[in-house]
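Input: a single structure, listed below in structure tokens.
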Amino acid sequence: MFASLTTRTFAFAALCVAAMLPLSAANAQQATELQITYDGAFQPSELRAPAGKPITVKVKNNTAKAMEFESKTLKVEKVIPSKGEAVVNVRAQKAGRYEFFDEFNEKARGNLVVE
Ligand SMILES: [Cu+2]
């Protein structure tokens with residue numbers, strides 16, 4: 001009973017958020033969505049995204065160890081558990097080449113090319 005009440009409350013709250021979204025989302029920029037997998041190296045090791053738009057990078061860690069997706073120039077870092085997946089949000093960037101790496105294995109490196 002508690003569970004169903006919680007579910008309904010949540011559904012109602014979600015509905016309210018959804019109803020409010022179009023107003024704010026109309027002005028918000030659509031993020032560029034990228035995907036990358038990690039198996040000790042990044043695949044692909046080079047990502048591309050347009051300048052001036054937020055970027056979301058979905059990182060899938062296929063290894064048996066946790067990794068940390070990090071970029072000093074993009075100002076992001078996120079620990080991703082073994083066999084786990086996470087979305088890393090990157091602010092809109094100017095054109096350039098931004099390096100990222102696995103902080104737990106710094107030999108594993110890649111680049112995000114913003115153009
Ligand atoms: Cu770090």
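Every chain in the structure tokens has a letter given in the order shown (A, B, ...), and although residue numbers restart at 1 in each chain, ligands are simply numbered from 1 in the order shown.
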
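Pocket residues of ligand 1, taken as those with any atom at most 7 Å away using only C-alpha atoms and all ligand atoms, are Glu68, Glu70, Glu77 and Glu103 of chain A.
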
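Every residue of segment 17-96 of chain A found in helix (DSSP H, G or I) when DSSP is run on the backbone appears here: Val17, Ala18, Ala19, Met20, Leu21, Pro22, Leu23, Ser24, Ala25, Ala26 and Asn27 of chain A.
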
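If only C-alpha atoms are the atoms counted, then among A:Glu99, A:Glu85, A:Glu46, A:Glu106 the closest residue to Asn61 of chain A is A:Glu85.
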
Discussion item. Let's see if you can do this: from backbone DSSP, list all strand (DSSP E or B) residues in segment 31-82 of chain A, as a PyMOL selection string.
Written reply: chain A and resi 32-38+42-43+46-49+55-61+67-71+76-80

Worksheet item: When you draw a straight line from atom CA of Lys53 of chain A to atom CA of Met67 of chain A, how long is it in Å?
Response: 26.4 Å

Practice prompt. Using only C-alpha atoms, determine which residues lie at most 7 Å from Ala31 of chain A, disregarding the query and same-chain residues fewer than 2 positions distant; provide the list as a ChimeraX atom specification.
Written response: /A:29,33,53-56

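Nearest to Arg97 of chain A of all the residues A:Val57, A:Ser71, A:Ile80, A:Thr37 is A:Ser71, based on only C-alpha atoms.
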
Worksheet, complete the sentence: atom CA of Gly110 of chain A to atom CA of Pro44 of chain A measures 8.0 Å

Worksheet, complete the sentence: From the list A:Gly96, A:Gly84, A:Gly40, A:Pro50, the nearest residue to Arg109 of chain A using only C-alpha atoms is A:Gly40

Practice prompt. Can you work out which one of A:Gln35, A:Asn111, A:Gln30, A:Thr73 has the shortest atom-to-atom distance to Val88 of chain A, counting only C-alpha atoms?
Written response: A:Gln35

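Interatomic distance, atom CA of Thr32 of chain A to atom CA of Val59 of chain A: 14.0 Å.
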
Item to complete: Name the closest residue to Arg48 of chain A among the candidates A:Val76, A:Asn62, A:Val113, A:Lys107; distances are taken between atoms, counting only C-alpha atoms.
Response: A:Val113

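Comparing the minimum interatomic distances between Tyr98 of chain A and each of A:Leu34, A:Ala66, A:Leu47, A:Ala41, counting only C-alpha atoms, we find that A:Leu47 sits nearest.
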